[in-house]
Amino acid sequence: MYDLIVIGAGSGGVRCARMSAQKGAKVAIIEERFYGGTCVNVGCVPKKLFVYASHYGEDFHDAHRFGWSTQSTQFDWPTLVENKNAEIARLNGIYENLLKNAGVTIYNGRGRISSPNTVEVNGETLRAKNILIATGSYPFKPDFPGSEHALISDHMFYLDSLPTHAVVVGGGYIAVEFAGILAGLGVSTHLIYRGSSLLKRFDGDVRHHLAEELDRKGIKVHLSTSIESMEKLSEKEYRLKLNSGEELSTGLVLYATGRKPLTQDLGLDLAGVALGADGEILVNEDYQTNVPGIYAVGDVINRMQLTPVALAEGMYVANKLFGGDPVGVDYVRIPTAVFSQPSVATVGPTEEEARQQFPQLKVYRSAFRALKNTVSGNQERTMMKLLVDGATDKVIAAHMVGPDAAEIIQGIAIAIRAGATKKIFDTTIGIHPSSAEEYVTMREPVGD
Ligand code: NDP
């Protein structure tokens, strides 16, 4: 009898299994694909490596005015994929060792819940006092004529070669990130989005600023547009009909249209686990489902599909079940970044949301060309923004579009969670010269 059986060895599952075992619990984890889940294998980590790779083109160009000659640069896609694969294999091994060293028993196979206290794997029945479902999510692709030819993000990490032309569909994280990766690697890239402004849930200034920068990078953005049909003309050529009546010829179509909770074929019906309208597992504040002893964390509960959130949720469950301080996850001020080019990072409400909650809202905004670009000649501009509640002087949000936005906003997020006021920001000494110092030197609110 196990104290805990975890189904899914992604970010949330591994964290909970490992922490629980370290607290002395008898733990098993079941994984049918790869250790580390989406983030390590077909998500955050390889995506970020691709972002680094794609930025070199611009860097080589910018280097000229700093005195460097880079006449003959060439990019080789198979080299990147091979080196990325080697790094992912290394990380898979690290995850496996973390589990083994913590004393977690590993089962490779598909886990299916057969009753509130039993899980079947590879023909074996395992008994457990508690079960954690951490199976994550999968990329969703809508059905339309020819949709079978369209790729999802998983495929992008293992392409044999890069096309000369590509179309990315969607207006969220993955679409914007992959459009930047492809364009940076020299692929002529179209981004097709059904709505009127990319990154719908982000601050208006962020969306506006990013749109200008994507245009500058040569990404052809089609707003209020969707694909009606996709026809395969040859192995590497597809014809798209758009709702605008326009036709596009392209070598690849990537659909980045959201991710759905992965709940199929897990035996959830046998155990009587309740699902929500989007197929997500419904949980209470302790991540317990409607069935006592069965818990769920991460993408499968569809609160915030972010690795650090899954980690925090997994940690909470381990602490709750096996002793420790279960610190509740603060879903309100979750810092997040989109690794577009330039990158976006944010913490706290958008200006549009904050105006509803804070009648005395003060907005501080700065847009500038970073020092490096004055010499390089690169026209890219950075945008930084702070939202302050005028009633309390507390900084409630920070938004940024620019290089290293994630690195900068992570620190600001700590200050905001700690309740820092604008006065604290203003009396903090800047680091000069840096873009980040702008956050402690914004003196006049917009419109005052
Ligand atoms: P998002 O939810 O970010 O974006 C989905 C996009 O697809 C939206 O623009 C949506 O449009 C559009 N869409 C949805 N359905 C359709 C449809 N039927 N036809 C056309 N367009 C459609 O999802 P992603 O797939 O980009 O990413 C999934 C999640 O993974 C993210 O939400 C994020 O939580 C996580 N992620 C995080 C990253 C990071 O931290 N850097 C990186 C990548 C992913 P509309 O806006 O109109 O609804």
# chains A, B, ... in the order shown; residues from 1 in each chain; ligands from 1
>>> select_by_dssp(residues="stretch 349-379 of chain A", states="strand (DSSP E or B)", output="list of chain:residue names")
A:Leu361, A:Lys362, A:Val363, A:Tyr364, A:Arg365, A:Ser366, A:Ala367, A:Phe368
>>> residues_near_ligand(ligand="ligand 1", cutoff="6 Å", atoms="only C-alpha atoms and all ligand atoms", output="list in words")
Pro142, Gly170, Gly171, Gly172, Tyr173, Ile174, Ala175, Arg194, Gly195, Lys200, Ala256, Thr257, Gly258, Arg259, Met304, Gln305, Leu306, Thr336, Ala337, Val338 and Phe339 of chain A
>>> atom_distance(atom1="atom CA of A:Arg369", atom2="atom CA of A:Arg355")
28.3 Å
>>> select_by_dssp(residues="stretch 108-228 of chain A", states="helix (DSSP H, G or I)", output="number ranges by chain")
A: 147-149, 153-156, 173-184, 204-216
>>> residues_around(residues="A:Tyr439", least_positions_apart="4", cutoff="12 Å", atoms="only C-alpha atoms", output="NGL selection string")
:A and (364-367 or 383-387 or 395 or 397-400 or 405 or 408-409 or 411-412 or 415 or 422-432 or 434-435 or 443)
>>> write_last_selection(atoms="C-alpha atoms", output="PDB file, in the first residue's frame")
ATOM      1  CA  TYR A 364       3.703  55.382 -15.015  1.00  0.00           C
ATOM      2  CA  ARG A 365       5.026  54.528 -18.456  1.00  0.00           C
ATOM      3  CA  SER A 366       8.289  54.821 -20.284  1.00  0.00           C
ATOM      4  CA  ALA A 367       9.237  53.826 -23.822  1.00  0.00           C
ATOM      5  CA  MET A 383       8.281  49.724 -22.951  1.00  0.00           C
ATOM      6  CA  MET A 384       7.987  49.670 -19.164  1.00  0.00           C
ATOM      7  CA  LYS A 385       4.969  50.435 -17.071  1.00  0.00           C
ATOM      8  CA  LEU A 386       4.027  50.582 -13.391  1.00  0.00           C
ATOM      9  CA  LEU A 387       0.529  50.760 -11.937  1.00  0.00           C
ATOM     10  CA  VAL A 395       2.638  49.356  -6.644  1.00  0.00           C
ATOM     11  CA  ALA A 397       1.423  45.849 -11.310  1.00  0.00           C
ATOM     12  CA  ALA A 398       4.416  46.039 -13.614  1.00  0.00           C
ATOM     13  CA  HIS A 399       4.434  45.366 -17.351  1.00  0.00           C
ATOM     14  CA  MET A 400       7.343  45.293 -19.755  1.00  0.00           C
ATOM     15  CA  ALA A 405      11.805  41.412 -19.454  1.00  0.00           C
ATOM     16  CA  ILE A 408      13.608  42.116 -14.627  1.00  0.00           C
ATOM     17  CA  ILE A 409       9.966  41.458 -13.754  1.00  0.00           C
ATOM     18  CA  GLY A 411      12.468  40.837  -9.033  1.00  0.00           C
ATOM     19  CA  ILE A 412       9.711  43.440  -9.316  1.00  0.00           C
ATOM     20  CA  ALA A 415       8.617  43.765  -4.333  1.00  0.00           C
ATOM     21  CA  LYS A 422       5.949  53.777  -5.098  1.00  0.00           C
ATOM     22  CA  LYS A 423       8.001  55.699  -2.551  1.00  0.00           C
ATOM     23  CA  ILE A 424      10.069  52.554  -1.903  1.00  0.00           C
ATOM     24  CA  PHE A 425      10.609  52.177  -5.638  1.00  0.00           C
ATOM     25  CA  ASP A 426      11.558  55.888  -5.940  1.00  0.00           C
ATOM     26  CA  THR A 427      14.063  55.736  -3.087  1.00  0.00           C
ATOM     27  CA  THR A 428      15.705  52.536  -4.360  1.00  0.00           C
ATOM     28  CA  ILE A 429      19.029  53.287  -6.049  1.00  0.00           C
ATOM     29  CA  GLY A 430      19.086  52.395  -9.729  1.00  0.00           C
ATOM     30  CA  ILE A 431      21.663  50.182 -11.410  1.00  0.00           C
ATOM     31  CA  HIS A 432      23.239  52.313 -14.099  1.00  0.00           C
ATOM     32  CA  SER A 434      20.499  49.436 -17.316  1.00  0.00           C
ATOM     33  CA  SER A 435      16.958  49.282 -18.623  1.00  0.00           C
ATOM     34  CA  ARG A 443       8.594  60.145 -11.643  1.00  0.00           C
TER      35      ARG A 443
END
>>> closest_atom_pairs(of="stretch 159-196 of chain A", to="stretch 232-247 of chain A", cutoff="12 Å", atoms="only C-alpha atoms", output="JSON lines")
{"residue": "A:Asp160", "atom": "CA", "partner": "A:Lys236", "partner_atom": "CA", "distance": 11.6}
{"residue": "A:Ser161", "atom": "CA", "partner": "A:Lys236", "partner_atom": "CA", "distance": 10.2}
{"residue": "A:Leu162", "atom": "CA", "partner": "A:Lys236", "partner_atom": "CA", "distance": 10.0}
{"residue": "A:Pro163", "atom": "CA", "partner": "A:Lys236", "partner_atom": "CA", "distance": 7.5}
{"residue": "A:Thr164", "atom": "CA", "partner": "A:Lys236", "partner_atom": "CA", "distance": 9.6}
{"residue": "A:His165", "atom": "CA", "partner": "A:Glu237", "partner_atom": "CA", "distance": 9.2}
{"residue": "A:Ala166", "atom": "CA", "partner": "A:Tyr238", "partner_atom": "CA", "distance": 9.9}
{"residue": "A:Val167", "atom": "CA", "partner": "A:Leu240", "partner_atom": "CA", "distance": 9.5}
{"residue": "A:Val168", "atom": "CA", "partner": "A:Leu240", "partner_atom": "CA", "distance": 12.0}
{"residue": "A:Val169", "atom": "CA", "partner": "A:Leu242", "partner_atom": "CA", "distance": 11.6}
{"residue": "A:His190", "atom": "CA", "partner": "A:Leu240", "partner_atom": "CA", "distance": 11.8}
{"residue": "A:Ile192", "atom": "CA", "partner": "A:Leu242", "partner_atom": "CA", "distance": 9.4}
{"residue": "A:Tyr193", "atom": "CA", "partner": "A:Leu242", "partner_atom": "CA", "distance": 11.1}
{"residue": "A:Arg194", "atom": "CA", "partner": "A:Asn243", "partner_atom": "CA", "distance": 9.9}
>>> closest_residue(among="A:Pro433, A:Pro78, A:Pro46, A:Pro139", to="A:Leu254", atoms="only C-alpha atoms")
A:Pro139
>>> closest_residue(among="A:Gly57, A:Gly402, A:Gly109, A:Gly103", to="A:Ser343", atoms="only C-alpha atoms")
A:Gly402
>>> atom_distance(atom1="atom CA of A:Ser196", atom2="atom CA of A:Ser226")
11.7 Å
>>> atom_distance(atom1="atom CA of A:Gly13", atom2="atom CA of A:Arg112")
15.3 Å
>>> residues_around(residues="A:Ile294", least_positions_apart="2", cutoff="6 Å", atoms="only C-alpha atoms", output="number ranges by chain")
A: 130-132, 288-289, 291-292
>>> write_last_selection(atoms="all heavy atoms", output="JSON list (two decimals), in the first residue's frame")
[["chain", "number", "residue", "atom", "x", "y", "z"],
["A", 130, "ASN", "N", -3.65, 7.76, -1.09],
["A", 130, "ASN", "CA", -3.93, 8.99, -1.83],
["A", 130, "ASN", "C", -3.44, 8.85, -3.27],
["A", 130, "ASN", "O", -2.43, 8.19, -3.52],
["A", 130, "ASN", "CB", -3.19, 10.18, -1.20],
["A", 130, "ASN", "CG", -3.61, 10.40, 0.24],
["A", 130, "ASN", "OD1", -4.70, 10.89, 0.52],
["A", 130, "ASN", "ND2", -2.73, 10.01, 1.17],
["A", 131, "ILE", "N", -4.16, 9.51, -4.17],
["A", 131, "ILE", "CA", -3.77, 9.51, -5.59],
["A", 131, "ILE", "C", -3.70, 10.97, -6.05],
["A", 131, "ILE", "O", -4.60, 11.76, -5.73],
["A", 131, "ILE", "CB", -4.81, 8.75, -6.45],
["A", 131, "ILE", "CG1", -4.86, 7.26, -6.03],
["A", 131, "ILE", "CG2", -4.50, 8.89, -7.94],
["A", 131, "ILE", "CD1", -6.03, 6.49, -6.64],
["A", 132, "LEU", "N", -2.63, 11.30, -6.77],
["A", 132, "LEU", "CA", -2.53, 12.65, -7.35],
["A", 132, "LEU", "C", -2.53, 12.53, -8.88],
["A", 132, "LEU", "O", -1.71, 11.81, -9.45],
["A", 132, "LEU", "CB", -1.23, 13.34, -6.92],
["A", 132, "LEU", "CG", -1.01, 14.72, -7.58],
["A", 132, "LEU", "CD1", -1.97, 15.77, -7.01],
["A", 132, "LEU", "CD2", 0.43, 15.18, -7.41],
["A", 288, "GLN", "N", -8.10, 18.85, -3.68],
["A", 288, "GLN", "CA", -8.78, 17.56, -3.58],
["A", 288, "GLN", "C", -9.97, 17.58, -4.52],
["A", 288, "GLN", "O", -10.70, 18.57, -4.60],
["A", 288, "GLN", "CB", -9.22, 17.29, -2.16],
["A", 288, "GLN", "CG", -9.84, 15.90, -2.00],
["A", 288, "GLN", "CD", -10.05, 15.52, -0.54],
["A", 288, "GLN", "OE1", -9.09, 15.24, 0.18],
["A", 288, "GLN", "NE2", -11.28, 15.55, -0.11],
["A", 289, "THR", "N", -10.16, 16.47, -5.24],
["A", 289, "THR", "CA", -11.32, 16.36, -6.13],
["A", 289, "THR", "C", -12.56, 16.07, -5.27],
["A", 289, "THR", "O", -12.46, 16.00, -4.04],
["A", 289, "THR", "CB", -11.12, 15.23, -7.14],
["A", 289, "THR", "OG1", -11.11, 13.99, -6.42],
["A", 289, "THR", "CG2", -9.82, 15.40, -7.92],
["A", 291, "VAL", "N", -13.73, 13.32, -4.92],
["A", 291, "VAL", "CA", -13.51, 11.99, -4.31],
["A", 291, "VAL", "C", -12.42, 12.12, -3.25],
["A", 291, "VAL", "O", -11.27, 12.44, -3.59],
["A", 291, "VAL", "CB", -13.08, 10.97, -5.39],
["A", 291, "VAL", "CG1", -12.88, 9.60, -4.76],
["A", 291, "VAL", "CG2", -14.09, 10.92, -6.52],
["A", 292, "PRO", "N", -12.75, 11.89, -1.98],
["A", 292, "PRO", "CA", -11.72, 12.04, -0.94],
["A", 292, "PRO", "C", -10.52, 11.16, -1.25],
["A", 292, "PRO", "O", -10.65, 10.01, -1.67],
["A", 292, "PRO", "CB", -12.44, 11.56, 0.34],
["A", 292, "PRO", "CG", -13.90, 11.73, 0.04],
["A", 292, "PRO", "CD", -14.06, 11.50, -1.44]]
>>> residues_around(residues="stretch 21-34 of chain A", least_positions_apart="2", cutoff="7 Å", atoms="only C-alpha atoms", output="list of chain:residue names")
A:Tyr2, A:Asp3, A:Leu4, A:Ile5, A:Val6, A:Ile7, A:Gly8, A:Ala9, A:Ala17, A:Arg18, A:Met19, A:Gly36, A:Gly37, A:Ala102, A:Gly103, A:Val104, A:Thr105, A:Ile106, A:Tyr107, A:Asn108, A:Gly109, A:Arg110, A:Gly111, A:Phe322
>>> residues_around(residues="stretch 81-93 of chain A", least_positions_apart="5", cutoff="12 Å", atoms="only C-alpha atoms", output="ChimeraX atom specification")
/A:9-11,14,33-53,75-76,98-101,155-162
>>> write_last_selection(atoms="N, CA and C atoms", output="short mmCIF file (atom, residue, chain, number, x, y, z; two decimals), in the first residue's frame")
data_model
loop_
_atom_site.label_atom_id
_atom_site.label_comp_id
_atom_site.auth_asym_id
_atom_site.auth_seq_id
_atom_site.Cartn_x
_atom_site.Cartn_y
_atom_site.Cartn_z
N ALA A 9 4.55 12.36 -14.63
CA ALA A 9 5.83 12.84 -14.09
C ALA A 9 6.25 14.15 -14.76
N GLY A 10 5.33 15.09 -14.81
CA GLY A 10 5.66 16.45 -15.26
C GLY A 10 6.04 17.30 -14.07
N SER A 11 5.99 18.61 -14.27
CA SER A 11 6.47 19.53 -13.23
C SER A 11 5.75 19.31 -11.89
N VAL A 14 6.18 15.45 -10.42
CA VAL A 14 7.51 15.13 -9.89
C VAL A 14 7.75 15.88 -8.59
N ARG A 33 5.14 8.67 -20.97
CA ARG A 33 5.94 9.26 -22.06
C ARG A 33 7.33 9.65 -21.59
N PHE A 34 7.47 10.87 -21.08
CA PHE A 34 8.82 11.32 -20.74
C PHE A 34 8.86 12.07 -19.41
N TYR A 35 9.97 11.90 -18.70
CA TYR A 35 10.14 12.57 -17.41
C TYR A 35 10.28 14.08 -17.62
N GLY A 36 9.59 14.82 -16.79
CA GLY A 36 9.67 16.28 -16.90
C GLY A 36 8.47 16.86 -17.62
N GLY A 37 7.69 16.01 -18.28
CA GLY A 37 6.43 16.46 -18.89
C GLY A 37 6.62 17.44 -20.03
N THR A 38 5.57 18.22 -20.27
CA THR A 38 5.55 19.16 -21.40
C THR A 38 6.69 20.16 -21.29
N CYS A 39 6.88 20.74 -20.12
CA CYS A 39 7.84 21.83 -19.95
C CYS A 39 9.23 21.43 -20.41
N VAL A 40 9.68 20.27 -19.95
CA VAL A 40 11.05 19.86 -20.25
C VAL A 40 11.19 19.34 -21.69
N ASN A 41 10.15 18.67 -22.17
CA ASN A 41 10.29 17.95 -23.44
C ASN A 41 9.78 18.69 -24.67
N VAL A 42 8.60 19.28 -24.57
CA VAL A 42 8.00 19.95 -25.73
C VAL A 42 7.38 21.28 -25.31
N GLY A 43 8.06 21.98 -24.43
CA GLY A 43 7.51 23.24 -23.94
C GLY A 43 8.61 24.20 -23.56
N CYS A 44 8.48 24.75 -22.36
CA CYS A 44 9.34 25.86 -21.90
C CYS A 44 10.82 25.72 -22.25
N VAL A 45 11.40 24.56 -21.92
CA VAL A 45 12.87 24.46 -22.03
C VAL A 45 13.34 24.45 -23.49
N PRO A 46 12.85 23.49 -24.33
CA PRO A 46 13.33 23.53 -25.72
C PRO A 46 12.89 24.81 -26.44
N LYS A 47 11.73 25.34 -26.07
CA LYS A 47 11.26 26.60 -26.68
C LYS A 47 12.26 27.73 -26.40
N LYS A 48 12.70 27.82 -25.15
CA LYS A 48 13.64 28.90 -24.79
C LYS A 48 14.96 28.70 -25.53
N LEU A 49 15.39 27.45 -25.69
CA LEU A 49 16.62 27.21 -26.46
C LEU A 49 16.45 27.67 -27.90
N PHE A 50 15.26 27.43 -28.46
CA PHE A 50 14.99 27.88 -29.83
C PHE A 50 14.97 29.42 -29.90
N VAL A 51 14.45 30.05 -28.85
CA VAL A 51 14.43 31.52 -28.84
C VAL A 51 15.86 32.06 -28.85
N TYR A 52 16.72 31.46 -28.02
CA TYR A 52 18.13 31.89 -28.03
C TYR A 52 18.71 31.74 -29.44
N ALA A 53 18.47 30.55 -30.03
CA ALA A 53 19.03 30.27 -31.36
C ALA A 53 18.58 31.31 -32.36
N PHE A 75 23.01 29.18 -40.73
CA PHE A 75 22.28 28.48 -39.67
C PHE A 75 21.97 27.07 -40.13
N ASP A 76 22.20 26.11 -39.22
CA ASP A 76 21.93 24.71 -39.55
C ASP A 76 20.91 24.15 -38.55
N LEU A 98 16.32 12.35 -9.65
CA LEU A 98 15.73 13.06 -8.51
C LEU A 98 14.69 12.17 -7.83
N LEU A 99 13.88 11.51 -8.68
CA LEU A 99 12.83 10.65 -8.14
C LEU A 99 13.43 9.43 -7.44
N LYS A 100 14.39 8.79 -8.11
CA LYS A 100 15.00 7.59 -7.54
C LYS A 100 15.71 7.92 -6.23
N ASN A 101 16.48 9.01 -6.24
CA ASN A 101 17.24 9.38 -5.03
C ASN A 101 16.32 9.72 -3.86
N HIS A 155 5.15 19.09 -32.53
CA HIS A 155 5.87 18.74 -33.77
C HIS A 155 7.03 19.68 -34.05
N MET A 156 6.90 20.93 -33.61
CA MET A 156 7.89 21.95 -33.99
C MET A 156 9.29 21.62 -33.44
N PHE A 157 9.32 20.82 -32.37
CA PHE A 157 10.61 20.52 -31.74
C PHE A 157 11.37 19.42 -32.47
N TYR A 158 10.70 18.76 -33.43
CA TYR A 158 11.35 17.63 -34.10
C TYR A 158 11.25 17.72 -35.62
N LEU A 159 11.07 18.93 -36.17
CA LEU A 159 11.00 19.08 -37.62
C LEU A 159 12.33 18.61 -38.24
N ASP A 160 12.23 17.93 -39.42
CA ASP A 160 13.46 17.52 -40.11
C ASP A 160 14.18 18.73 -40.68
N SER A 161 13.38 19.67 -41.17
CA SER A 161 14.00 20.86 -41.78
C SER A 161 13.06 22.04 -41.58
N LEU A 162 13.60 23.23 -41.80
CA LEU A 162 12.76 24.43 -41.69
C LEU A 162 12.23 24.81 -43.06
#
>>> residues_around(residues="A:Thr263", least_positions_apart="4", cutoff="8 Å", atoms="only C-alpha atoms", output="list of chain:residue names")
A:Thr135, A:Leu268, A:Gly279, A:Glu280, A:Ile281, A:Val300
>>> closest_residue(among="A:Leu270, A:Val329, A:Leu311, A:Ala134", to="A:Glu285", atoms="only C-alpha atoms")
A:Val329
>>> closest_residue(among="A:Leu151, A:Gly67, A:Asp59, A:Gln341", to="A:Leu182", atoms="only C-alpha atoms")
A:Gln341
>>> closest_residue(among="A:Arg381, A:Arg303, A:Ala354, A:Val332", to="A:Ile416", atoms="only C-alpha atoms")
A:Val332
